[in-house]
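Engineer: Please find one structure pasted underneath; my questions will follow.
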Amino acid sequence: MCPLCRSNDSGDNRFSRVFVSARSLATARKVADEVAADSGTPADAFACDLADPASIRAFAAGVAARTDRVDVLVNNGARHLAGPDLGDADDDAITDTLASGATGTLLTVKHLLPLLRASAGADVVNLVSSAAEPRDHRSQAHPAFYAAKAAQAGFADILSHRLRPEGIRVISLYPPDFTDGDPLAPAWDQASRTTSDPLTARSVLDCVLFAINQPRDCFIRSFHFEQL
């Protein structure tokens, strides 16, 4: 999913509206329907291809037509590309990976920034990757994925500094490969999370919720994780 925008129209710490985008509108609608059914929160779905600037602009315009501000933007839509050798992916896949992870994240923030600035306290959350950390060689991801995540990290770093005077927090997470899960499935609550277990998606989410629920004087810039 990429990205997830939430608008808090009530002025408290609860989200009163959710905007979900994905490359496929059907996928976005499925998730939006699940969010609404599980939480009772209205959720709108949009198609947004992060590798297509026009699609990003249309997504931002659609959100702006439905709300006067955005309180939390989660960038979690960069494409993963497997294969350690440059020749393991064709040119189109490499271009798409770099465009969605680097340019797509930048343009999404750019075009939603007016709505973020309209918030009393906005947060931009970036799900980056440990692949963006110096000398990280553990992942078998393609070099294009490493490049995209490094660009995303550089953007997040300077954005945090430059938006700090406006009170907009930029929070980036650098998780290693982690076990994914369905929040609506019983395994979400039952998954083992001991010191010998790999990182779970729920733990990553807990970090996000922890950061955005801090008082506004607390700017948590990044989360880095020890790997097994």
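Each chain in the structure tokens gets a letter, A, B and so on, in the order shown; residues start at 1 in every chain, and ligands are counted from 1 in the order they appear.
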If we count only C-alpha atoms, what is near A:Arg202 at a cut-off of 8 Å, once residues fewer than 6 positions away on the same chain are taken out, given as an mmCIF file with C-alpha atoms, in the first residue's frame?
Structural biologist:
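The resulting file, result14.cif, is shown below:
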```
data_model
loop_
_atom_site.group_PDB
_atom_site.id
_atom_site.type_symbol
_atom_site.label_atom_id
_atom_site.label_comp_id
_atom_site.auth_asym_id
_atom_site.auth_seq_id
_atom_site.Cartn_x
_atom_site.Cartn_y
_atom_site.Cartn_z
ATOM 1 C CA GLY A 181 1.027 -10.346 8.737
ATOM 2 C CA PRO A 183 -3.882 -7.270 11.124
ATOM 3 C CA TRP A 188 -1.488 -10.780 14.331
#
```
Engineer: Counting only C-alpha atoms, which residues of stretch 34-77 of chain A sit at most 9 Å from some atom of stretch 123-146 of chain A, and what is each one's closest atom pair with its distance in Å to one decimal, listed by chain and rising residue number, as a tab-separated table?
Structural biologist:
```
residue	atom	partner	partner_atom	distance
A:Val70	CA	A:Asp123	CA	8.8
A:Asp71	CA	A:Asp123	CA	6.2
A:Val72	CA	A:Asp123	CA	4.8
A:Leu73	CA	A:Val124	CA	4.8
A:Val74	CA	A:Val125	CA	4.6
A:Asn75	CA	A:Asn126	CA	4.9
A:Asn76	CA	A:Leu127	CA	5.3
A:Gly77	CA	A:Leu127	CA	8.4
```
Engineer: Mind dumping the selected residues with C-alpha atoms as a CSV table (one decimal), in the first residue's frame?
Structural biologist:
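Ended up saving to out39.csv:
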```csv
chain,number,residue,atom,x,y,z
A,70,VAL,CA,-3.7,15.8,6.6
A,71,ASP,CA,-2.2,14.9,10.0
A,72,VAL,CA,-0.3,11.8,9.1
A,73,LEU,CA,1.2,10.7,5.9
A,74,VAL,CA,2.8,7.2,5.7
A,75,ASN,CA,5.0,6.5,2.8
A,76,ASN,CA,5.1,2.7,2.5
A,77,GLY,CA,4.7,2.0,-1.2
```
Engineer: List every residue of stretch 79-226 of chain A that DSSP, applied to the backbone of this structure, assigns to strand (DSSP E or B), and report them as a list in words.
Structural biologist: Ala82, Asp123, Val124, Val125, Asn126, Leu127, Ala141, Arg169, Val170, Ile171, Ser172, Leu173, Tyr174, Thr179, Thr200, Ser222, Phe223 and His224 of chain A
Engineer: Kindly export the residues of the current selection with C-alpha atoms, as a PDB file, in the first residue's frame.
Structural biologist:
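selection_2.pdb, freshly written:
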```pdb
ATOM      1  CA  ALA A  82      14.919  -9.055  -5.717  1.00  0.00           C
ATOM      2  CA  ASP A 123       3.786  13.766  10.805  1.00  0.00           C
ATOM      3  CA  VAL A 124       5.403  12.247   7.724  1.00  0.00           C
ATOM      4  CA  VAL A 125       6.340   8.611   8.296  1.00  0.00           C
ATOM      5  CA  ASN A 126       8.715   6.864   5.899  1.00  0.00           C
ATOM      6  CA  LEU A 127       9.135   3.100   5.865  1.00  0.00           C
ATOM      7  CA  ALA A 141      17.569  -7.215  -2.837  1.00  0.00           C
ATOM      8  CA  ARG A 169       7.881  15.824  12.142  1.00  0.00           C
ATOM      9  CA  VAL A 170       9.549  13.475   9.659  1.00  0.00           C
ATOM     10  CA  ILE A 171       9.931   9.995  11.133  1.00  0.00           C
ATOM     11  CA  SER A 172      11.834   7.288   9.270  1.00  0.00           C
ATOM     12  CA  LEU A 173      12.079   3.595  10.060  1.00  0.00           C
ATOM     13  CA  TYR A 174      14.925   1.378   8.840  1.00  0.00           C
ATOM     14  CA  THR A 179       7.636 -11.069   9.033  1.00  0.00           C
ATOM     15  CA  THR A 200       7.276  -8.507  13.018  1.00  0.00           C
ATOM     16  CA  SER A 222      14.534   7.611  13.008  1.00  0.00           C
ATOM     17  CA  PHE A 223      14.236   4.026  14.227  1.00  0.00           C
ATOM     18  CA  HIS A 224      17.098   1.611  13.596  1.00  0.00           C
TER      19      HIS A 224
END
```
Engineer: Would you mind telling me which residue in A:Ile158, A:Leu205, A:Ala43, A:Ala148 lies nearest to A:Phe178 when using only C-alpha atoms?
Structural biologist: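 Smallest distance to A:Phe178 is found for A:Leu205.
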Engineer: Name all residues at most 8 Å from stretch 56-69 of chain A (count only C-alpha atoms; drop same-chain ones fewer than 2 positions away) and give them as a ChimeraX atom specification.
Structural biologist: /A:7-8,19,21,46-50,52-54,71,104,107-108,111-112,114-119
Engineer: Where does DSSP see helix (DSSP H, G or I) in stretch 70-199 of chain A, if you list the residues as a ChimeraX atom specification?
Structural biologist: /A:86-88,91-117,130-132,143-166,187-190
Engineer: Could you tell me which of A:Arg193, A:Arg216, A:His161, A:Lys149 comes closest to A:Pro175 if we count only C-alpha atoms?
Structural biologist: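 For A:Pro175, the nearest of the given residues is A:Lys149.
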Engineer: Pick from A:Leu106, A:Leu86, A:Ala122, A:Ile94: nearest to A:Pro215, with only C-alpha atoms counted?
Structural biologist: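 When distances to A:Pro215 are compared using only C-alpha atoms, the smallest one comes from A:Ala122.
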